[in-house]
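What follows is the content of model_9.tsv, which has TSV, C-alpha atoms and all ligand atoms:
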chain	number	residue	atom	x	y	z
W	1144	MET	CA	15.20	15.10	10.71
W	1145	LEU	CA	16.18	15.61	14.34
W	1146	VAL	CA	14.62	13.20	16.83
W	1147	GLU	CA	14.77	13.69	20.60
W	1148	LEU	CA	15.74	10.53	22.50
W	1149	ARG	CA	15.28	9.72	26.17
W	1150	ASN	CA	16.09	6.56	28.13
W	1151	THR	CA	12.38	5.84	28.11
W	1152	THR	CA	11.94	6.30	24.34
W	1153	ARG	CA	10.24	3.27	22.78
W	1154	LYS	CA	11.55	1.81	19.53
W	1155	LEU	CA	9.74	1.20	16.23
W	1156	CYS	CA	11.20	0.54	12.79
W	1157	VAL	CA	10.67	-0.65	9.24
W	1158	ILE	CA	12.39	-3.83	8.12
W	1159	GLY	CA	13.10	-4.82	4.53
W	1160	ASP	CA	15.72	-5.51	1.91
W	1161	PRO	CA	16.21	-3.08	0.25
W	1162	VAL	CA	14.83	-0.58	2.76
W	1163	LEU	CA	17.21	2.39	2.95
W	1164	HIS	CA	15.06	4.33	0.44
W	1165	SER	CA	12.00	3.98	2.74
W	1166	LYS	CA	9.93	7.07	3.56
W	1167	SER	CA	8.47	5.37	6.65
W	1168	PRO	CA	10.99	6.83	9.16
W	1169	LEU	CA	10.28	10.38	7.92
W	1170	ILE	CA	6.52	9.83	8.01
W	1171	HIS	CA	6.40	8.13	11.41
W	1172	ASN	CA	8.91	10.39	13.20
W	1173	THR	CA	6.99	13.44	11.91
W	1174	MET	CA	3.71	11.99	13.19
W	1175	LEU	CA	5.25	10.98	16.54
W	1176	ALA	CA	6.66	14.48	17.06
W	1177	ALA	CA	3.32	16.07	16.15
W	1178	LEU	CA	1.52	13.80	18.61
W	1179	GLY	CA	4.13	14.27	21.36
W	1180	LEU	CA	4.61	10.51	21.71
W	1181	ASP	CA	7.89	9.18	23.20
W	1182	TYR	CA	8.83	6.77	20.39
W	1183	VAL	CA	11.56	6.72	17.76
W	1184	TYR	CA	11.16	5.07	14.35
W	1185	LEU	CA	14.29	3.57	12.74
W	1186	CYS	CA	15.23	2.00	9.41
W	1187	GLN	CA	16.40	-1.62	9.82
W	1188	PRO	CA	17.77	-3.65	6.90
W	1189	VAL	CA	16.89	-7.34	7.40
W	1190	PRO	CA	17.84	-9.81	4.64
W	1191	ALA	CA	15.48	-12.46	3.24
W	1192	GLY	CA	15.55	-15.60	5.37
W	1193	GLU	CA	16.22	-13.63	8.59
W	1194	THR	CA	12.60	-12.75	9.41
W	1195	ALA	CA	12.32	-15.11	12.40
W	1196	ALA	CA	15.74	-14.10	13.74
W	1197	TRP	CA	14.71	-10.43	13.49
W	1198	LEU	CA	11.43	-11.07	15.32
W	1199	SER	CA	13.27	-12.68	18.25
W	1200	ALA	CA	15.79	-9.83	18.30
W	1201	ALA	CA	13.03	-7.19	18.26
W	1202	LYS	CA	11.22	-8.87	21.16
W	1203	CYS	CA	14.49	-9.15	23.09
W	1204	ALA	CA	15.40	-5.50	22.43
W	1205	GLY	CA	12.00	-4.30	23.64
W	1206	TYR	CA	10.66	-2.94	20.34
W	1207	ALA	CA	7.03	-1.81	20.51
W	1208	GLY	CA	6.55	-2.94	16.92
W	1209	PHE	CA	7.73	-2.66	13.34
W	1210	ASN	CA	6.56	-2.31	9.77
W	1211	ALA	CA	7.62	-4.77	7.11
W	1212	THR	CA	8.21	-4.44	3.42
W	1213	MET	CA	9.74	-6.74	0.78
W	1214	PRO	CA	10.68	-9.61	1.30
W	1215	HIS	CA	9.13	-10.15	4.76
W	1216	LYS	CA	5.39	-9.51	4.46
W	1217	GLU	CA	4.40	-13.10	3.75
W	1218	ALA	CA	7.18	-14.73	5.79
W	1219	LEU	CA	5.84	-13.01	8.92
W	1220	VAL	CA	2.40	-14.64	8.74
W	1221	PRO	CA	3.27	-18.04	10.29
W	1222	LEU	CA	5.44	-16.33	12.92
W	1223	MET	CA	2.59	-14.29	14.42
W	1224	ASP	CA	0.67	-15.13	17.62
W	1225	GLY	CA	-2.40	-13.48	16.09
W	1226	LEU	CA	-3.48	-11.83	12.83
W	1227	ASP	CA	-5.98	-9.05	12.17
W	1228	PRO	CA	-8.67	-9.80	9.55
W	1229	ASP	CA	-6.86	-7.94	6.72
W	1230	ALA	CA	-3.51	-9.66	7.33
W	1231	ARG	CA	-5.39	-12.97	7.23
W	1232	LEU	CA	-7.25	-11.93	4.06
W	1233	TYR	CA	-4.08	-10.94	2.16
W	1234	GLY	CA	-1.80	-13.58	3.70
W	1235	ALA	CA	0.66	-10.75	4.34
W	1236	VAL	CA	1.68	-8.60	7.33
W	1237	ASN	CA	2.91	-4.99	7.07
W	1238	THR	CA	2.57	-4.04	10.76
W	1239	VAL	CA	3.69	-6.07	13.77
W	1240	CYS	CA	2.75	-4.99	17.31
W	1241	LEU	CA	4.82	-6.50	20.10
W	1242	ARG	CA	3.13	-6.67	23.48
W	1243	GLU	CA	4.22	-8.77	26.46
W	1244	GLY	CA	6.21	-11.12	24.25
W	1245	ARG	CA	3.36	-11.66	21.79
W	1246	ALA	CA	3.36	-10.57	18.14
W	1247	LEU	CA	0.14	-9.34	16.50
W	1248	GLY	CA	0.32	-9.08	12.71
W	1249	CYS	CA	-1.82	-6.49	10.94
W	1250	ASN	CA	-2.06	-5.19	7.40
W	1251	THR	CA	-2.98	-1.55	6.77
W	1252	ASP	CA	-2.27	-1.41	2.99
W	1253	GLY	CA	-5.83	-2.08	1.80
W	1254	LEU	CA	-7.38	0.33	4.30
W	1255	GLY	CA	-4.84	2.98	3.32
W	1256	PHE	CA	-5.82	2.57	-0.33
W	1257	LEU	CA	-9.51	2.73	0.48
W	1258	ARG	CA	-9.15	5.86	2.62
W	1259	ALA	CA	-7.15	7.61	-0.10
W	1260	LEU	CA	-9.96	6.84	-2.58
W	1261	GLU	CA	-12.61	8.04	-0.13
W	1262	ASP	CA	-10.78	11.37	0.35
W	1263	ALA	CA	-11.28	11.99	-3.36
W	1264	GLY	CA	-14.95	11.00	-3.16
W	1265	VAL	CA	-14.37	7.70	-5.01
W	1266	ARG	CA	-16.34	4.78	-3.59
W	1267	PRO	CA	-15.66	1.31	-5.04
W	1268	GLU	CA	-19.13	-0.15	-4.38
W	1269	GLY	CA	-20.77	-1.27	-7.60
W	1270	ARG	CA	-17.87	-0.14	-9.82
W	1271	LYS	CA	-16.13	-2.21	-12.43
W	1272	VAL	CA	-12.38	-1.92	-11.86
W	1273	VAL	CA	-9.42	-2.52	-14.14
W	1274	LEU	CA	-6.47	-3.37	-11.89
W	1275	LEU	CA	-3.02	-3.46	-13.50
W	1276	GLY	CA	-0.58	-5.79	-11.72
W	1277	ALA	CA	-0.76	-8.88	-9.51
W	1278	GLY	CA	2.10	-8.32	-7.06
W	1279	GLY	CA	1.99	-7.47	-3.36
W	1280	ALA	CA	0.27	-4.07	-3.69
W	1281	ALA	CA	-2.24	-5.42	-6.22
W	1282	LYS	CA	-3.20	-8.26	-3.89
W	1283	ALA	CA	-4.20	-5.95	-1.03
W	1284	VAL	CA	-6.00	-3.57	-3.42
W	1285	ALA	CA	-7.87	-6.34	-5.28
W	1286	LEU	CA	-9.05	-8.18	-2.19
W	1287	LYS	CA	-10.07	-4.93	-0.45
W	1288	LEU	CA	-12.01	-3.80	-3.54
W	1289	ALA	CA	-13.79	-7.15	-3.69
W	1290	GLN	CA	-14.58	-6.98	0.02
W	1291	GLN	CA	-15.97	-3.45	-0.41
W	1292	GLY	CA	-18.43	-4.56	-3.07
W	1293	ALA	CA	-16.77	-3.60	-6.36
W	1294	GLU	CA	-18.96	-5.30	-8.98
W	1295	ARG	CA	-16.01	-6.77	-10.89
W	1296	VAL	CA	-12.21	-6.39	-10.63
W	1297	TRP	CA	-10.26	-7.45	-13.71
W	1298	VAL	CA	-6.73	-8.29	-12.58
W	1299	CYS	CA	-4.60	-7.62	-15.68
W	1300	ASN	CA	-1.05	-8.86	-15.40
W	1301	ARG	CA	1.91	-9.56	-17.67
W	1302	THR	CA	2.43	-12.96	-16.02
W	1303	ALA	CA	-0.91	-14.74	-16.39
W	1304	GLU	CA	-0.36	-17.31	-13.62
W	1305	LYS	CA	0.08	-14.58	-11.01
W	1306	ALA	CA	-3.24	-12.96	-11.97
W	1307	GLN	CA	-4.95	-16.35	-11.82
W	1308	ALA	CA	-3.44	-17.17	-8.41
W	1309	LEU	CA	-4.57	-13.81	-7.00
W	1310	CYS	CA	-8.12	-14.17	-8.33
W	1311	ALA	CA	-8.39	-17.67	-6.88
W	1312	GLN	CA	-8.03	-16.13	-3.39
W	1313	ASP	CA	-11.23	-14.10	-3.61
W	1314	PRO	CA	-13.97	-15.87	-1.67
W	1315	ALA	CA	-16.67	-13.66	-3.25
W	1316	GLY	CA	-15.66	-14.49	-6.85
W	1317	ARG	CA	-15.56	-10.82	-7.91
W	1318	LEU	CA	-11.98	-10.99	-9.25
W	1319	ALA	CA	-11.31	-12.10	-12.82
W	1320	PRO	CA	-7.88	-12.59	-14.41
W	1321	ALA	CA	-7.04	-10.88	-17.69
W	1322	ASP	CA	-3.98	-10.38	-19.84
W	1323	PHE	CA	-1.96	-7.20	-20.29
W	1324	ALA	CA	-2.33	-6.77	-24.07
W	1325	PRO	CA	-3.21	-3.18	-25.14
W	1326	GLU	CA	-6.38	-4.34	-26.91
W	1327	THR	CA	-7.55	-6.21	-23.77
W	1328	LEU	CA	-6.93	-3.17	-21.59
W	1329	ARG	CA	-8.80	-0.91	-24.04
W	1330	ARG	CA	-11.77	-3.30	-24.14
W	1331	LEU	CA	-12.04	-3.63	-20.36
W	1332	CYS	CA	-11.49	0.10	-19.76
W	1333	ARG	CA	-14.58	0.94	-21.86
W	1334	GLU	CA	-16.68	-0.53	-19.01
W	1335	ALA	CA	-14.54	0.61	-16.08
W	1336	GLY	CA	-15.51	3.01	-13.30
W	1337	LEU	CA	-12.02	2.85	-11.81
W	1338	LEU	CA	-8.54	2.08	-13.14
W	1339	VAL	CA	-5.79	1.23	-10.63
W	1340	ASN	CA	-2.12	0.83	-11.52
W	1341	CYS	CA	-0.24	-1.49	-9.17
W	1342	THR	CA	2.60	-2.29	-11.56
W	1343	SER	CA	5.98	-0.61	-11.32
W	1344	LEU	CA	5.46	0.93	-14.80
W	1345	GLY	CA	5.96	4.69	-14.46
W	1346	MET	CA	7.97	4.50	-11.25
W	1347	ALA	CA	11.05	6.73	-11.03
W	1348	GLY	CA	14.38	4.92	-11.15
W	1349	GLY	CA	13.82	2.34	-13.87
W	1350	GLY	CA	10.32	0.97	-13.31
W	1351	GLY	CA	9.77	1.04	-17.10
W	1352	GLN	CA	6.97	2.85	-18.97
W	1353	PHE	CA	3.66	1.83	-20.56
W	1354	GLU	CA	4.22	1.41	-24.29
W	1355	ASP	CA	0.64	2.35	-25.14
W	1356	LEU	CA	-1.61	4.43	-22.89
W	1357	GLY	CA	-4.54	4.34	-25.33
W	1358	PHE	CA	-6.58	2.33	-22.80
W	1359	VAL	CA	-6.90	5.46	-20.63
W	1360	ASP	CA	-8.75	7.27	-23.44
W	1361	ALA	CA	-11.22	4.37	-23.70
W	1362	MET	CA	-12.60	4.94	-20.18
W	1363	PRO	CA	-15.94	6.65	-19.57
W	1364	PRO	CA	-15.41	10.32	-18.52
W	1365	GLU	CA	-16.65	9.73	-14.95
W	1366	ALA	CA	-14.12	6.92	-14.32
W	1367	ALA	CA	-11.35	7.62	-11.78
W	1368	VAL	CA	-7.68	6.66	-12.08
W	1369	PHE	CA	-5.46	5.71	-9.14
W	1370	ASP	CA	-1.73	5.10	-9.56
W	1371	ALA	CA	-0.08	3.43	-6.53
W	1372	ILE	CA	3.18	5.13	-7.53
W	1373	TYR	CA	4.02	8.33	-5.60
W	1374	HIS	CA	7.47	9.03	-7.07
W	1375	PRO	CA	7.11	10.77	-9.46
W	1376	ALA	CA	4.00	12.51	-8.15
W	1377	GLU	CA	2.54	12.62	-11.67
W	1378	THR	CA	3.19	9.55	-13.83
W	1379	ALA	CA	2.51	9.51	-17.57
W	1380	LEU	CA	-0.61	7.48	-16.78
W	1381	LEU	CA	-1.93	10.16	-14.41
W	1382	SER	CA	-1.10	12.98	-16.88
W	1383	ARG	CA	-3.05	11.18	-19.59
W	1384	ALA	CA	-5.99	10.61	-17.21
W	1385	ARG	CA	-6.02	14.25	-16.09
W	1386	ALA	CA	-5.88	15.43	-19.69
W	1387	GLY	CA	-8.96	13.29	-20.33
W	1388	GLY	CA	-10.82	14.97	-17.45
W	1389	HIS	CA	-10.66	11.98	-15.08
W	1390	THR	CA	-10.17	12.20	-11.33
W	1391	ALA	CA	-6.49	11.21	-11.03
W	1392	LEU	CA	-4.80	10.21	-7.76
W	1393	ASN	CA	-1.23	9.18	-7.00
W	1394	GLY	CA	-0.09	6.72	-4.29
W	1395	LEU	CA	0.87	9.31	-1.68
W	1396	GLY	CA	-2.46	9.13	0.12
W	1397	MET	CA	-2.27	5.34	0.32
W	1398	LEU	CA	1.28	5.54	1.69
W	1399	LEU	CA	0.33	8.11	4.32
W	1400	TYR	CA	-2.86	6.45	5.48
W	1401	GLN	CA	-1.32	2.98	5.82
W	1402	ALA	CA	1.29	4.63	8.07
W	1403	VAL	CA	-1.34	6.46	10.14
W	1404	PHE	CA	-3.27	3.22	10.70
W	1405	ALA	CA	-0.03	1.38	11.59
W	1406	LEU	CA	0.86	4.04	14.16
W	1407	GLU	CA	-2.58	3.67	15.73
W	1408	HIS	CA	-1.87	-0.05	16.11
W	1409	PHE	CA	1.60	0.57	17.60
W	1410	THR	CA	0.64	3.26	20.11
W	1411	GLY	CA	-3.07	2.80	20.73
W	1412	ALA	CA	-3.47	6.53	19.97
W	1413	SER	CA	-6.50	7.68	18.01
W	1414	ILE	CA	-5.15	9.83	15.16
W	1415	ASP	CA	-6.95	12.40	13.01
W	1416	ALA	CA	-5.83	10.68	9.81
W	1417	ALA	CA	-6.76	13.47	7.40
W	1418	ALA	CA	-5.04	16.18	9.51
W	1419	MET	CA	-1.93	14.02	9.85
W	1420	ALA	CA	-1.83	13.27	6.13
W	1421	ARG	CA	-2.04	17.03	5.41
W	1422	ARG	CA	0.91	17.65	7.76
W	1423	VAL	CA	3.18	14.93	6.33
W	1424	ALA	CA	2.36	15.22	2.60
W	1425	PRO	CA	4.36	18.44	1.99
W	1426	LEU	CA	7.47	16.92	3.61
W	1427	LEU	CA	7.28	13.93	1.29
W	1428	ALA	CA	6.65	16.12	-1.74
W	1429	ALA	CA	9.74	18.20	-0.82
W	1430	GLU	CA	11.83	15.01	-0.61
W	1431	ALA	CA	10.64	13.62	-3.95
I	1501	LIG	P1	5.69	-6.38	-6.97
I	1501	LIG	O1	5.08	-7.31	-5.99
I	1501	LIG	O2	7.09	-6.58	-7.39
I	1501	LIG	O3	4.76	-6.39	-8.30
I	1501	LIG	C1	5.15	-5.70	-9.45
I	1501	LIG	C2	4.04	-5.75	-10.49
I	1501	LIG	O4	4.45	-4.96	-11.61
I	1501	LIG	C3	3.78	-7.16	-11.03
I	1501	LIG	O5	2.42	-7.32	-11.30
I	1501	LIG	C4	4.61	-7.17	-12.33
I	1501	LIG	O6	4.14	-8.07	-13.29
I	1501	LIG	C5	4.37	-5.76	-12.80
I	1501	LIG	N1	5.40	-5.32	-13.75
I	1501	LIG	C6	6.69	-5.03	-13.48
I	1501	LIG	N2	7.34	-4.67	-14.61
I	1501	LIG	C7	6.42	-4.75	-15.62
I	1501	LIG	C8	6.48	-4.51	-17.03
I	1501	LIG	N3	7.61	-4.11	-17.63
I	1501	LIG	N4	5.35	-4.68	-17.75
I	1501	LIG	C9	4.19	-5.07	-17.15
I	1501	LIG	N5	4.09	-5.33	-15.82
I	1501	LIG	C10	5.20	-5.16	-15.07
I	1501	LIG	O7	5.61	-4.86	-6.46
I	1501	LIG	P2	4.53	-4.19	-5.46
I	1501	LIG	O8	5.08	-4.17	-4.10
I	1501	LIG	O9	3.21	-4.79	-5.72
I	1501	LIG	O10	4.56	-2.66	-6.00
I	1501	LIG	C11	3.97	-2.32	-7.23
I	1501	LIG	C12	3.89	-0.80	-7.36
I	1501	LIG	O11	3.06	-0.27	-6.32
I	1501	LIG	C13	5.25	-0.11	-7.22
I	1501	LIG	O12	5.31	0.94	-8.14
I	1501	LIG	C14	5.22	0.43	-5.80
I	1501	LIG	O13	5.99	1.63	-5.68
I	1501	LIG	C15	3.75	0.74	-5.61
I	1501	LIG	N6	3.33	0.65	-4.19
I	1501	LIG	C16	2.78	1.75	-3.63
I	1501	LIG	C17	2.35	1.70	-2.32
I	1501	LIG	C18	1.73	2.92	-1.70
I	1501	LIG	O14	1.55	2.95	-0.47
I	1501	LIG	N7	1.40	3.94	-2.47
I	1501	LIG	C19	2.47	0.52	-1.58
I	1501	LIG	C20	3.05	-0.59	-2.19
I	1501	LIG	C21	3.48	-0.51	-3.51
I	1501	LIG	P3	4.67	-9.59	-13.33
I	1501	LIG	O15	3.87	-10.35	-12.32
I	1501	LIG	O16	4.42	-10.01	-14.73
I	1501	LIG	O17	6.13	-9.56	-12.99

Reformat the file's structure so that it appears as structure tokens.
Ligand code: NAP
Amino acid sequence: MLVELRNTTRKLCVIGDPVLHSKSPLIHNTMLAALGLDYVYLCQPVPAGETAAWLSAAKCAGYAGFNATMPHKEALVPLMDGLDPDARLYGAVNTVCLREGRALGCNTDGLGFLRALEDAGVRPEGRKVVLLGAGGAAKAVALKLAQQGAERVWVCNRTAEKAQALCAQDPAGRLAPADFAPETLRRLCREAGLLVNCTSLGMAGGGGQFEDLGFVDAMPPEAAVFDAIYHPAETALLSRARAGGHTALNGLGMLLYQAVFALEHFTGASIDAAAMARRVAPLLAAEA
């Protein structure tokens, strides 16, 4: 996309490794243009181990802030001058605001997930949730669900120790580790009001596929299914859920809303999140 630059234009970016596939520049530059804000949002590869060096460089170069993806989210935590409650809860930062030489670390992933659910009329309070995965995305989702009053979140992961470590971080004790065996997933899904996929299974470009999706058919008809994957827009998991009459959501809403909330942090602007998501979603769909 074309971006207009002036000498006064303020800089934002996403850092990561790999990061060149990131949709964040498209999303943020579209939002900035729509809002008439004099910022530009760049894509900045930063290798693992260079997080602190990047932070100094960004301060020196007058960046207003940046987003972070793998492998920097956790490495940023001890480098921050302050953390918002969600960054502290997850022990991970996805948004850094730089003001007067100080770095404030925030995390908008969990709120983005929650808002995407809310848009579809799905409220986690009192629901039993089957969460697949225990990586970075699963951590934000699990802890946010627990905080929002989900009755029980079973964290089902291939690597048992990672599920156990995640569940041990929940102060409310609502998270419970479980294995990834098809029979376990089927058993837990019979009681579930919500199923969330935070594994890379189903992702375009070699994320692998579920060998057995029978657990989807075990869910009660009113249960909703959320897949954090947004490329492809419809994974095999979501197709199976839709065929079974379940509310089925992909990860696009989560991606868009975490960006909207990050931009509010960066600029201080109050953004109509739903209107902005409606504007950006078709651009992302066209790119997919
Ligand atoms: P991550 O930290 O690398 O975690 C990957 C997870 O997938 C782990 O739990 C891993 O299990 C599991 N997994 C990978 N291959 C598997 C297989 N063959 N069988 C079973 N489990 C497998 O990645 P992440 O950052 O959490 O991302 C996870 C997914 O969420 C990705 O598809 C990503 O695109 C999506 N995501 C979406 C958004 C959004 O805004 N919509 C944001 C972040 C991430 P082990 O622990 O056993 O390795």

Residue contacts of Phe1323 in chain W (6 Å, all atoms listed in the file) excluding same-chain residues fewer than 6 positions away, as a ChimeraX atom specification:
/W:1299-1301

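Using all atoms listed in the file, the shortest contact distance between Ser1343 in chain W and any of W:Leu1257, W:Ala1196, W:Leu1275, W:Ala1416 is found at W:Leu1275.
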
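Using all atoms listed in the file, the shortest contact distance between ligand LIG 1501 (chain I) and any of W:Tyr1233, W:Tyr1182, W:Phe1353, W:Phe1409 is found at W:Phe1353.
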
Neighbour residues at most 12 Å from (-4.7, -14.4, 12.7) (only C-alpha atoms) as a PDB file with C-alpha atoms, in the frame of the given file:
ATOM      1  CA  LEU W1219       5.840 -13.010   8.920  1.00  0.00           C
ATOM      2  CA  VAL W1220       2.400 -14.640   8.740  1.00  0.00           C
ATOM      3  CA  PRO W1221       3.270 -18.040  10.290  1.00  0.00           C
ATOM      4  CA  LEU W1222       5.440 -16.330  12.920  1.00  0.00           C
ATOM      5  CA  MET W1223       2.590 -14.290  14.420  1.00  0.00           C
ATOM      6  CA  ASP W1224       0.670 -15.130  17.620  1.00  0.00           C
ATOM      7  CA  GLY W1225      -2.400 -13.480  16.090  1.00  0.00           C
ATOM      8  CA  LEU W1226      -3.480 -11.830  12.830  1.00  0.00           C
ATOM      9  CA  ASP W1227      -5.980  -9.050  12.170  1.00  0.00           C
ATOM     10  CA  PRO W1228      -8.670  -9.800   9.550  1.00  0.00           C
ATOM     11  CA  ASP W1229      -6.860  -7.940   6.720  1.00  0.00           C
ATOM     12  CA  ALA W1230      -3.510  -9.660   7.330  1.00  0.00           C
ATOM     13  CA  ARG W1231      -5.390 -12.970   7.230  1.00  0.00           C
ATOM     14  CA  LEU W1232      -7.250 -11.930   4.060  1.00  0.00           C
ATOM     15  CA  TYR W1233      -4.080 -10.940   2.160  1.00  0.00           C
ATOM     16  CA  GLY W1234      -1.800 -13.580   3.700  1.00  0.00           C
ATOM     17  CA  ALA W1235       0.660 -10.750   4.340  1.00  0.00           C
ATOM     18  CA  VAL W1236       1.680  -8.600   7.330  1.00  0.00           C
ATOM     19  CA  VAL W1239       3.690  -6.070  13.770  1.00  0.00           C
ATOM     20  CA  ALA W1246       3.360 -10.570  18.140  1.00  0.00           C
ATOM     21  CA  LEU W1247       0.140  -9.340  16.500  1.00  0.00           C
ATOM     22  CA  GLY W1248       0.320  -9.080  12.710  1.00  0.00           C
ATOM     23  CA  CYS W1249      -1.820  -6.490  10.940  1.00  0.00           C
ATOM     24  CA  ASN W1250      -2.060  -5.190   7.400  1.00  0.00           C
TER      25      ASN W1250
END

Kindly compile the residues surrounding ligand LIG 1501 (chain I) within 8 Å, counting all atoms listed in the file, and format them as JSON, numbers by chain.
{"W": [1213, 1252, 1255, 1256, 1275, 1276, 1277, 1278, 1279, 1280, 1281, 1282, 1300, 1301, 1302, 1303, 1305, 1306, 1323, 1340, 1341, 1342, 1343, 1344, 1345, 1346, 1350, 1351, 1352, 1353, 1370, 1371, 1372, 1373, 1374, 1393, 1394, 1395, 1396, 1397, 1398, 1399, 1401]}

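As for CA of Leu1198 in chain W and CA of Leu1145 in chain W, they are spaced 27.1 Å apart.
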
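In terms of minimum interatomic distance to Ser1165 in chain W, W:Ala1211 ranks closest within W:Val1359, W:Leu1180, W:Leu1309, W:Ala1211, counting all atoms listed in the file.
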
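The gap separating CA of Arg1317 in chain W from CA of Glu1268 in chain W is 11.8 Å, in Å to one decimal.
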
Could range 1165-1171 of chain W be completed with all heavy atoms and written as a PDB file, in the coordinates of the input, please?
ATOM      1  N   SER W1165      13.359   3.912   2.179  1.00  0.00           N
ATOM      2  CA  SER W1165      12.000   3.980   2.740  1.00  0.00           C
ATOM      3  C   SER W1165      11.664   5.374   3.281  1.00  0.00           C
ATOM      4  O   SER W1165      12.487   6.030   3.926  1.00  0.00           O
ATOM      5  CB  SER W1165      11.870   2.968   3.880  1.00  0.00           C
ATOM      6  OG  SER W1165      10.622   3.142   4.514  1.00  0.00           O
ATOM      7  N   LYS W1166      10.434   5.801   3.022  1.00  0.00           N
ATOM      8  CA  LYS W1166       9.930   7.070   3.560  1.00  0.00           C
ATOM      9  C   LYS W1166       9.303   6.875   4.944  1.00  0.00           C
ATOM     10  O   LYS W1166       8.889   7.840   5.579  1.00  0.00           O
ATOM     11  CB  LYS W1166       8.851   7.656   2.634  1.00  0.00           C
ATOM     12  CG  LYS W1166       9.296   7.883   1.213  1.00  0.00           C
ATOM     13  CD  LYS W1166      10.220   9.068   1.129  1.00  0.00           C
ATOM     14  CE  LYS W1166      10.651   9.335  -0.298  1.00  0.00           C
ATOM     15  NZ  LYS W1166      11.994   9.900  -0.387  1.00  0.00           N
ATOM     16  N   SER W1167       9.183   5.628   5.399  1.00  0.00           N
ATOM     17  CA  SER W1167       8.470   5.370   6.650  1.00  0.00           C
ATOM     18  C   SER W1167       9.092   6.085   7.854  1.00  0.00           C
ATOM     19  O   SER W1167       8.355   6.637   8.677  1.00  0.00           O
ATOM     20  CB  SER W1167       8.381   3.866   6.911  1.00  0.00           C
ATOM     21  OG  SER W1167       7.542   3.279   5.950  1.00  0.00           O
ATOM     22  N   PRO W1168      10.438   6.103   8.006  1.00  0.00           N
ATOM     23  CA  PRO W1168      10.990   6.830   9.160  1.00  0.00           C
ATOM     24  C   PRO W1168      10.603   8.307   9.158  1.00  0.00           C
ATOM     25  O   PRO W1168      10.219   8.851  10.201  1.00  0.00           O
ATOM     26  CB  PRO W1168      12.511   6.631   9.018  1.00  0.00           C
ATOM     27  CG  PRO W1168      12.632   5.316   8.301  1.00  0.00           C
ATOM     28  CD  PRO W1168      11.494   5.327   7.306  1.00  0.00           C
ATOM     29  N   LEU W1169      10.652   8.960   7.999  1.00  0.00           N
ATOM     30  CA  LEU W1169      10.280  10.380   7.920  1.00  0.00           C
ATOM     31  C   LEU W1169       8.805  10.555   8.299  1.00  0.00           C
ATOM     32  O   LEU W1169       8.447  11.424   9.101  1.00  0.00           O
ATOM     33  CB  LEU W1169      10.533  10.899   6.501  1.00  0.00           C
ATOM     34  CG  LEU W1169      10.057  12.332   6.240  1.00  0.00           C
ATOM     35  CD1 LEU W1169      10.844  13.333   7.066  1.00  0.00           C
ATOM     36  CD2 LEU W1169      10.170  12.680   4.759  1.00  0.00           C
ATOM     37  N   ILE W1170       7.962   9.712   7.738  1.00  0.00           N
ATOM     38  CA  ILE W1170       6.520   9.830   8.010  1.00  0.00           C
ATOM     39  C   ILE W1170       6.227   9.599   9.491  1.00  0.00           C
ATOM     40  O   ILE W1170       5.555  10.390  10.151  1.00  0.00           O
ATOM     41  CB  ILE W1170       5.723   8.812   7.156  1.00  0.00           C
ATOM     42  CG1 ILE W1170       5.904   9.096   5.664  1.00  0.00           C
ATOM     43  CG2 ILE W1170       4.254   8.818   7.517  1.00  0.00           C
ATOM     44  CD1 ILE W1170       5.293   8.027   4.753  1.00  0.00           C
ATOM     45  N   HIS W1171       6.743   8.488  10.018  1.00  0.00           N
ATOM     46  CA  HIS W1171       6.400   8.130  11.410  1.00  0.00           C
ATOM     47  C   HIS W1171       7.025   9.088  12.421  1.00  0.00           C
ATOM     48  O   HIS W1171       6.367   9.480  13.388  1.00  0.00           O
ATOM     49  CB  HIS W1171       6.823   6.687  11.690  1.00  0.00           C
ATOM     50  CG  HIS W1171       5.840   5.692  11.172  1.00  0.00           C
ATOM     51  ND1 HIS W1171       4.739   5.277  11.887  1.00  0.00           N
ATOM     52  CD2 HIS W1171       5.759   5.054   9.988  1.00  0.00           C
ATOM     53  CE1 HIS W1171       4.032   4.424  11.169  1.00  0.00           C
ATOM     54  NE2 HIS W1171       4.636   4.264  10.010  1.00  0.00           N
TER      55      HIS W1171
END
